Amino acid sequence: MTAESGTAVLVEHPVVDTRYGPVRGVDDGTVKVWRGVRYAAPPSGELRWRAPRPPQPWTEPADATRVGPVCPQPVDPRIPLDLGAPQGDDCLTLNVWASSGTAPGAGKPVLVWVHGGAYILGSAAQPLYRGRALAGDGDAVIVTVNYRLGALGFLDLSSFSTARTTFESNTGLRDVIFALEWVRDNIAAFGGDPDRVTLFGESAGGGIVTTLLASPAAAGLFHRAIAQSSPVTSIYDADRARVVAERFLGALGTGPDFDRLPAAPTHALLAAAKRVFDEVPVAAPGTLGFAPIVDGDVVPDYPVQAARAGRTHAVPLIIGTNKHEAALFRYMKSPLLPITPEALKAMFTQIAAEQPDLQIPTDELLGSTYPGRGKVPGLGVARDIGFRMPSLWFAGGHGQVAPVYVYRFDWATPLLRLIRLGAAHATELPYVWGNLVMGPKDPTFKLGGLKAGTALSRRMRTRWLNFAADAEPTGPDGEPVWRPYTDDDRATLLFDRRDTVADDPDREMRAAWGDEVLSFR
């Protein structure tokens, strides 16, 4: 027995059989949850930089009452994340939430979450991503997934393979695909419908969503997709990936004996990864040290090009960005987005040198679209080349094969407006998850906004959950109809104190950038 709000609650421990073995979770009378469920073997030793493998089967119920280790990652003091658990090699686990009373075979819609963190940070165990509100209020099954990060998940060492040691590409993507296969094979036992799976994610997680929409290996594994603030075009070719790999090996200092890499100490790998993560966007503004690559296997082509050619999976898609994406990077003094005039000039110069046939927007055109002084114009340019325009380029292409719903998240509390963050990168996350658990104690509500924010969260959760259920993002009764994004009117839902649908709110910005995809290769 335990006390919750003064009421005695009987906690039960439901056991579910998975294809690898039984797992024992917790049912508190409102929500059932299974944490730290192993979907793949620990990716250590000879399995480093290899595709995931099935775990060793077990027969006795495994303890799924606590989250498992989070995937190894460097600590960045500029990004004080609560990862929710210690780091460890045995990190390829997932967490499952379902409302109490959900029976095996109930056939509820499933949402599978891929966390963000610049492909190098984050975890499925972060308190922000607890699925209690989504599962309890929305009658859906929620899954959050760990995947390999940084140098362990997005470093391409395939060209350094030897006769004795094989390195594979895009291991972080392969982890997510493997987890989706686990969902397909097991989620019915938790009450989910394997034929109604929605893959959703934010930032790097959103980038994984748009990338897997163009991956043949992910075909049939999900049936709707939601990409929040996806860096759609932050995907590079093998040549750029090799340059990053050489930089990493230099930082690691292992020399040419590549057979020793699988046994290298984790702390040394993380230190080298942190160095590369910091150096790459300074040396080449607009690029990331670690990101998916076009490997001709998991990723046969740039996702945005696949979308524009009508070659993405024909699943309905919600895609959008936040109004002030770049403000978070300015606030953290992070070089991940180029904001200063010098960084922007260097970025455009490098893109033009790599792709001389591209039409680069002129200074005059950008100046008229992004007026202001100081870093204000740079914030707009960085937001749009990093997030908004790539999302619109992808949306326009994907709309050839399936309905696409485009949004912009404009809401900001009075405090966030005061400190010039506004609707910054990642600020939509608590509202999507319904995790405004601190209420008035949350510092972002110090100057008000809790009532409006709570209502906004309810509207967003309703739209996400209805989309997962029937592929249409309908809101609560009385809310506007969110129309698909087409060339005719480019309908866009604006999330703010009220939900409104606007026709082509990005018209001026789109005219400045043009129809050619502008990105690094």
# chains A, B, ... in the order shown; residues from 1 in each chain; ligands from 1
>>> closest_atom_pairs(of="segment 167-279 of chain A", to="segment 322-334 of chain A", cutoff="12 Å", atoms="only C-alpha atoms", output="tab-separated table")
residue	atom	partner	partner_atom	distance
A:Glu202	CA	A:Asn322	CA	11.0
A:Ser203	CA	A:Glu325	CA	10.3
A:Ala227	CA	A:Asn322	CA	11.8
A:Gln228	CA	A:Asn322	CA	8.5
A:Ser229	CA	A:Asn322	CA	6.9
A:Ser230	CA	A:Asn322	CA	10.5
A:Pro231	CA	A:Glu325	CA	11.2
A:Phe277	CA	A:Ser334	CA	11.0
A:Asp278	CA	A:Ser334	CA	9.0
A:Glu279	CA	A:Ser334	CA	11.4
>>> write_last_selection(atoms="C-alpha atoms", output="short mmCIF file (atom, residue, chain, number, x, y, z; two decimals), in the first residue's frame")
data_model
loop_
_atom_site.label_atom_id
_atom_site.label_comp_id
_atom_site.auth_asym_id
_atom_site.auth_seq_id
_atom_site.Cartn_x
_atom_site.Cartn_y
_atom_site.Cartn_z
CA GLU A 202 12.04 16.70 -31.30
CA SER A 203 15.27 18.35 -32.50
CA ALA A 227 8.70 15.86 -36.42
CA GLN A 228 9.13 18.73 -33.95
CA SER A 229 11.93 21.19 -34.81
CA SER A 230 13.68 18.71 -37.08
CA PRO A 231 17.12 19.68 -38.44
CA PHE A 277 31.31 18.31 -30.89
CA ASP A 278 32.72 21.68 -29.76
CA GLU A 279 35.21 22.16 -32.60
#
>>> closest_residue(among="A:Thr312, A:Thr171, A:Ser234, A:Gln56", to="Leu212 of chain A", atoms="only C-alpha atoms")
A:Thr312
>>> closest_residue(among="A:Ala263, A:Ala423, A:Ile318, A:Ala103", to="Asp496 of chain A", atoms="only C-alpha atoms")
A:Ala423
>>> select_by_dssp(residues="segment 238-418 of chain A", states="strand (DSSP E or B)", output="list in words")
Ile293, Leu317, Ile318, Ile319, Gly320, Thr321, Asn322, His324, Val404, Tyr405, Val406, Tyr407, Arg408 and Phe409 of chain A
>>> write_last_selection(atoms="N, CA, C and O atoms", output="compact mmCIF listing (two decimals), in the first residue's frame")
# COMPACT_ATOMS: atom_id res chain seq x y z
N ILE A 293 24.34 10.08 -41.68
CA ILE A 293 25.04 10.28 -42.96
C ILE A 293 24.33 9.48 -44.05
O ILE A 293 23.65 8.50 -43.78
N LEU A 317 1.93 13.01 -41.77
CA LEU A 317 3.02 13.68 -41.05
C LEU A 317 2.55 14.99 -40.45
O LEU A 317 1.89 15.79 -41.13
N ILE A 318 2.89 15.22 -39.18
CA ILE A 318 2.86 16.55 -38.56
C ILE A 318 4.30 17.04 -38.50
O ILE A 318 5.18 16.31 -38.03
N ILE A 319 4.54 18.26 -38.94
CA ILE A 319 5.90 18.80 -38.90
C ILE A 319 5.81 20.30 -38.61
O ILE A 319 4.92 20.98 -39.10
N GLY A 320 6.72 20.79 -37.78
CA GLY A 320 6.71 22.20 -37.47
C GLY A 320 7.90 22.63 -36.64
O GLY A 320 8.76 21.80 -36.28
N THR A 321 7.95 23.91 -36.35
CA THR A 321 9.07 24.49 -35.62
C THR A 321 8.54 25.53 -34.65
O THR A 321 7.34 25.84 -34.63
N ASN A 322 9.43 26.09 -33.84
CA ASN A 322 9.07 27.13 -32.89
C ASN A 322 9.44 28.51 -33.44
O ASN A 322 10.39 28.64 -34.21
N HIS A 324 10.84 31.13 -32.23
CA HIS A 324 12.14 31.74 -31.89
C HIS A 324 13.19 30.67 -31.62
O HIS A 324 13.90 30.72 -30.62
N VAL A 404 0.13 16.16 -45.00
CA VAL A 404 1.11 16.81 -44.13
C VAL A 404 0.42 17.95 -43.40
O VAL A 404 -0.32 18.74 -44.02
N TYR A 405 0.66 18.05 -42.10
CA TYR A 405 0.09 19.13 -41.29
C TYR A 405 1.25 19.93 -40.71
O TYR A 405 2.09 19.40 -39.98
N VAL A 406 1.31 21.22 -41.05
CA VAL A 406 2.42 22.08 -40.64
C VAL A 406 1.96 22.98 -39.49
O VAL A 406 0.84 23.50 -39.50
N TYR A 407 2.83 23.17 -38.50
CA TYR A 407 2.51 24.05 -37.39
C TYR A 407 3.67 25.00 -37.12
O TYR A 407 4.81 24.80 -37.57
N ARG A 408 3.37 26.03 -36.34
CA ARG A 408 4.40 26.89 -35.74
C ARG A 408 3.99 27.14 -34.30
O ARG A 408 2.84 27.50 -34.03
N PHE A 409 4.91 26.91 -33.38
CA PHE A 409 4.65 27.07 -31.95
C PHE A 409 5.08 28.48 -31.55
O PHE A 409 6.27 28.79 -31.55
>>> closest_atom_pairs(of="segment 83-166 of chain A", to="segment 450-468 of chain A", cutoff="10 Å", atoms="only C-alpha atoms", output="CSV")
residue,atom,partner,partner_atom,distance
A:Lys108,CA,A:Ala468,CA,9.5
A:Pro109,CA,A:Ala468,CA,5.9
A:Val110,CA,A:Ala468,CA,7.0
A:Leu111,CA,A:Ala468,CA,6.9
A:Ala133,CA,A:Arg461,CA,8.9
A:Leu134,CA,A:Arg461,CA,7.0
A:Ala135,CA,A:Leu465,CA,9.4
A:Asp137,CA,A:Arg461,CA,8.8
A:Gly138,CA,A:Leu465,CA,6.2
A:Asp139,CA,A:Leu465,CA,8.4
A:Ala140,CA,A:Leu465,CA,7.3
>>> write_last_selection(atoms="all heavy atoms", output="PDB file, in the first residue's frame")
ATOM      1  N   LYS A 108      -4.744  -0.226 -28.639  1.00  0.00           N
ATOM      2  CA  LYS A 108      -4.681   1.230 -28.517  1.00  0.00           C
ATOM      3  C   LYS A 108      -3.578   1.797 -29.412  1.00  0.00           C
ATOM      4  O   LYS A 108      -2.581   1.126 -29.682  1.00  0.00           O
ATOM      5  CB  LYS A 108      -4.420   1.617 -27.062  1.00  0.00           C
ATOM      6  CG  LYS A 108      -5.570   1.255 -26.129  1.00  0.00           C
ATOM      7  CD  LYS A 108      -5.312   1.753 -24.724  1.00  0.00           C
ATOM      8  CE  LYS A 108      -6.519   1.462 -23.831  1.00  0.00           C
ATOM      9  NZ  LYS A 108      -6.321   1.995 -22.457  1.00  0.00           N
ATOM     10  N   PRO A 109      -3.753   3.053 -29.871  1.00  0.00           N
ATOM     11  CA  PRO A 109      -2.685   3.668 -30.667  1.00  0.00           C
ATOM     12  C   PRO A 109      -1.401   3.781 -29.852  1.00  0.00           C
ATOM     13  O   PRO A 109      -1.439   3.915 -28.618  1.00  0.00           O
ATOM     14  CB  PRO A 109      -3.245   5.041 -31.029  1.00  0.00           C
ATOM     15  CG  PRO A 109      -4.322   5.301 -30.029  1.00  0.00           C
ATOM     16  CD  PRO A 109      -4.887   3.958 -29.683  1.00  0.00           C
ATOM     17  N   VAL A 110      -0.278   3.727 -30.535  1.00  0.00           N
ATOM     18  CA  VAL A 110       1.041   3.717 -29.896  1.00  0.00           C
ATOM     19  C   VAL A 110       1.827   4.927 -30.373  1.00  0.00           C
ATOM     20  O   VAL A 110       1.856   5.235 -31.573  1.00  0.00           O
ATOM     21  CB  VAL A 110       1.816   2.431 -30.251  1.00  0.00           C
ATOM     22  CG1 VAL A 110       3.172   2.401 -29.568  1.00  0.00           C
ATOM     23  CG2 VAL A 110       0.988   1.197 -29.910  1.00  0.00           C
ATOM     24  N   LEU A 111       2.456   5.635 -29.437  1.00  0.00           N
ATOM     25  CA  LEU A 111       3.368   6.724 -29.783  1.00  0.00           C
ATOM     26  C   LEU A 111       4.754   6.366 -29.285  1.00  0.00           C
ATOM     27  O   LEU A 111       4.941   6.089 -28.095  1.00  0.00           O
ATOM     28  CB  LEU A 111       2.920   8.052 -29.165  1.00  0.00           C
ATOM     29  CG  LEU A 111       1.643   8.664 -29.724  1.00  0.00           C
ATOM     30  CD1 LEU A 111       0.463   8.332 -28.817  1.00  0.00           C
ATOM     31  CD2 LEU A 111       1.779  10.179 -29.881  1.00  0.00           C
ATOM     32  N   ALA A 133       0.901  11.504 -18.325  1.00  0.00           N
ATOM     33  CA  ALA A 133      -0.215  12.335 -18.781  1.00  0.00           C
ATOM     34  C   ALA A 133      -0.725  11.870 -20.137  1.00  0.00           C
ATOM     35  O   ALA A 133      -1.937  11.748 -20.347  1.00  0.00           O
ATOM     36  CB  ALA A 133       0.219  13.799 -18.847  1.00  0.00           C
ATOM     37  N   LEU A 134       0.180  11.597 -21.058  1.00  0.00           N
ATOM     38  CA  LEU A 134      -0.241  11.155 -22.392  1.00  0.00           C
ATOM     39  C   LEU A 134      -0.962   9.815 -22.332  1.00  0.00           C
ATOM     40  O   LEU A 134      -1.993   9.622 -22.982  1.00  0.00           O
ATOM     41  CB  LEU A 134       0.968  11.058 -23.320  1.00  0.00           C
ATOM     42  CG  LEU A 134       1.441  12.340 -24.005  1.00  0.00           C
ATOM     43  CD1 LEU A 134       2.681  12.054 -24.840  1.00  0.00           C
ATOM     44  CD2 LEU A 134       0.354  12.938 -24.886  1.00  0.00           C
ATOM     45  N   ALA A 135      -0.437   8.896 -21.558  1.00  0.00           N
ATOM     46  CA  ALA A 135      -1.056   7.570 -21.487  1.00  0.00           C
ATOM     47  C   ALA A 135      -2.349   7.594 -20.686  1.00  0.00           C
ATOM     48  O   ALA A 135      -3.355   6.988 -21.073  1.00  0.00           O
ATOM     49  CB  ALA A 135      -0.084   6.566 -20.867  1.00  0.00           C
ATOM     50  N   ASP A 137      -4.388  10.247 -19.907  1.00  0.00           N
ATOM     51  CA  ASP A 137      -5.451  11.102 -20.419  1.00  0.00           C
ATOM     52  C   ASP A 137      -5.881  10.729 -21.835  1.00  0.00           C
ATOM     53  O   ASP A 137      -7.011  10.992 -22.231  1.00  0.00           O
ATOM     54  CB  ASP A 137      -4.996  12.566 -20.431  1.00  0.00           C
ATOM     55  CG  ASP A 137      -4.715  13.086 -19.028  1.00  0.00           C
ATOM     56  OD1 ASP A 137      -5.146  12.435 -18.065  1.00  0.00           O
ATOM     57  OD2 ASP A 137      -4.055  14.128 -18.912  1.00  0.00           O
ATOM     58  N   GLY A 138      -4.964  10.132 -22.600  1.00  0.00           N
ATOM     59  CA  GLY A 138      -5.238   9.970 -24.017  1.00  0.00           C
ATOM     60  C   GLY A 138      -5.580   8.581 -24.484  1.00  0.00           C
ATOM     61  O   GLY A 138      -5.815   8.371 -25.661  1.00  0.00           O
ATOM     62  N   ASP A 139      -5.609   7.624 -23.566  1.00  0.00           N
ATOM     63  CA  ASP A 139      -5.956   6.254 -23.944  1.00  0.00           C
ATOM     64  C   ASP A 139      -5.050   5.750 -25.063  1.00  0.00           C
ATOM     65  O   ASP A 139      -5.499   5.201 -26.070  1.00  0.00           O
ATOM     66  CB  ASP A 139      -7.421   6.177 -24.374  1.00  0.00           C
ATOM     67  CG  ASP A 139      -7.997   4.782 -24.141  1.00  0.00           C
ATOM     68  OD1 ASP A 139      -7.481   4.081 -23.254  1.00  0.00           O
ATOM     69  OD2 ASP A 139      -8.935   4.406 -24.855  1.00  0.00           O
ATOM     70  N   ALA A 140      -3.754   5.949 -24.895  1.00  0.00           N
ATOM     71  CA  ALA A 140      -2.758   5.483 -25.847  1.00  0.00           C
ATOM     72  C   ALA A 140      -1.635   4.804 -25.083  1.00  0.00           C
ATOM     73  O   ALA A 140      -1.497   4.970 -23.863  1.00  0.00           O
ATOM     74  CB  ALA A 140      -2.206   6.651 -26.666  1.00  0.00           C
TER      75      ALA A 140
END
>>> atom_distance(atom1="atom CA of Gly206 of chain A", atom2="atom CA of Arg311 of chain A")
18.5 Å
>>> closest_atom_pairs(of="segment 110-158 of chain A", to="segment 48-54 of chain A", cutoff="12 Å", atoms="only C-alpha atoms", output="JSON lines")
{"residue": "A:Tyr147", "atom": "CA", "partner": "A:Pro52", "partner_atom": "CA", "distance": 10.0}
{"residue": "A:Arg148", "atom": "CA", "partner": "A:Trp49", "partner_atom": "CA", "distance": 9.4}
{"residue": "A:Leu149", "atom": "CA", "partner": "A:Trp49", "partner_atom": "CA", "distance": 11.0}
{"residue": "A:Gly150", "atom": "CA", "partner": "A:Trp49", "partner_atom": "CA", "distance": 11.3}
{"residue": "A:Ala151", "atom": "CA", "partner": "A:Trp49", "partner_atom": "CA", "distance": 8.8}
{"residue": "A:Leu152", "atom": "CA", "partner": "A:Trp49", "partner_atom": "CA", "distance": 6.2}
{"residue": "A:Gly153", "atom": "CA", "partner": "A:Trp49", "partner_atom": "CA", "distance": 7.2}
{"residue": "A:Phe154", "atom": "CA", "partner": "A:Trp49", "partner_atom": "CA", "distance": 9.0}
{"residue": "A:Leu155", "atom": "CA", "partner": "A:Trp49", "partner_atom": "CA", "distance": 8.2}
{"residue": "A:Asp156", "atom": "CA", "partner": "A:Trp49", "partner_atom": "CA", "distance": 8.4}
{"residue": "A:Leu157", "atom": "CA", "partner": "A:Trp49", "partner_atom": "CA", "distance": 7.7}
{"residue": "A:Ser158", "atom": "CA", "partner": "A:Trp49", "partner_atom": "CA", "distance": 8.6}
>>> residues_around(residues="Val75 of chain A", least_positions_apart="4", cutoff="10 Å", atoms="only C-alpha atoms", output="list in words")
Ile79, Pro80, Leu81, Ile120, Leu121, Leu270, Ala271 and Lys274 of chain A
>>> residues_around(residues="Pro86 of chain A", least_positions_apart="2", cutoff="10 Å", atoms="only C-alpha atoms", output="list in words")
Val67, Gly68, Pro69, Val70, Cys71, Pro72, Leu83, Gly84, Gly88, Cys91 and Ala125 of chain A
>>> atom_distance(atom1="atom CA of Phe167 of chain A", atom2="atom CA of Arg240 of chain A")
17.0 Å
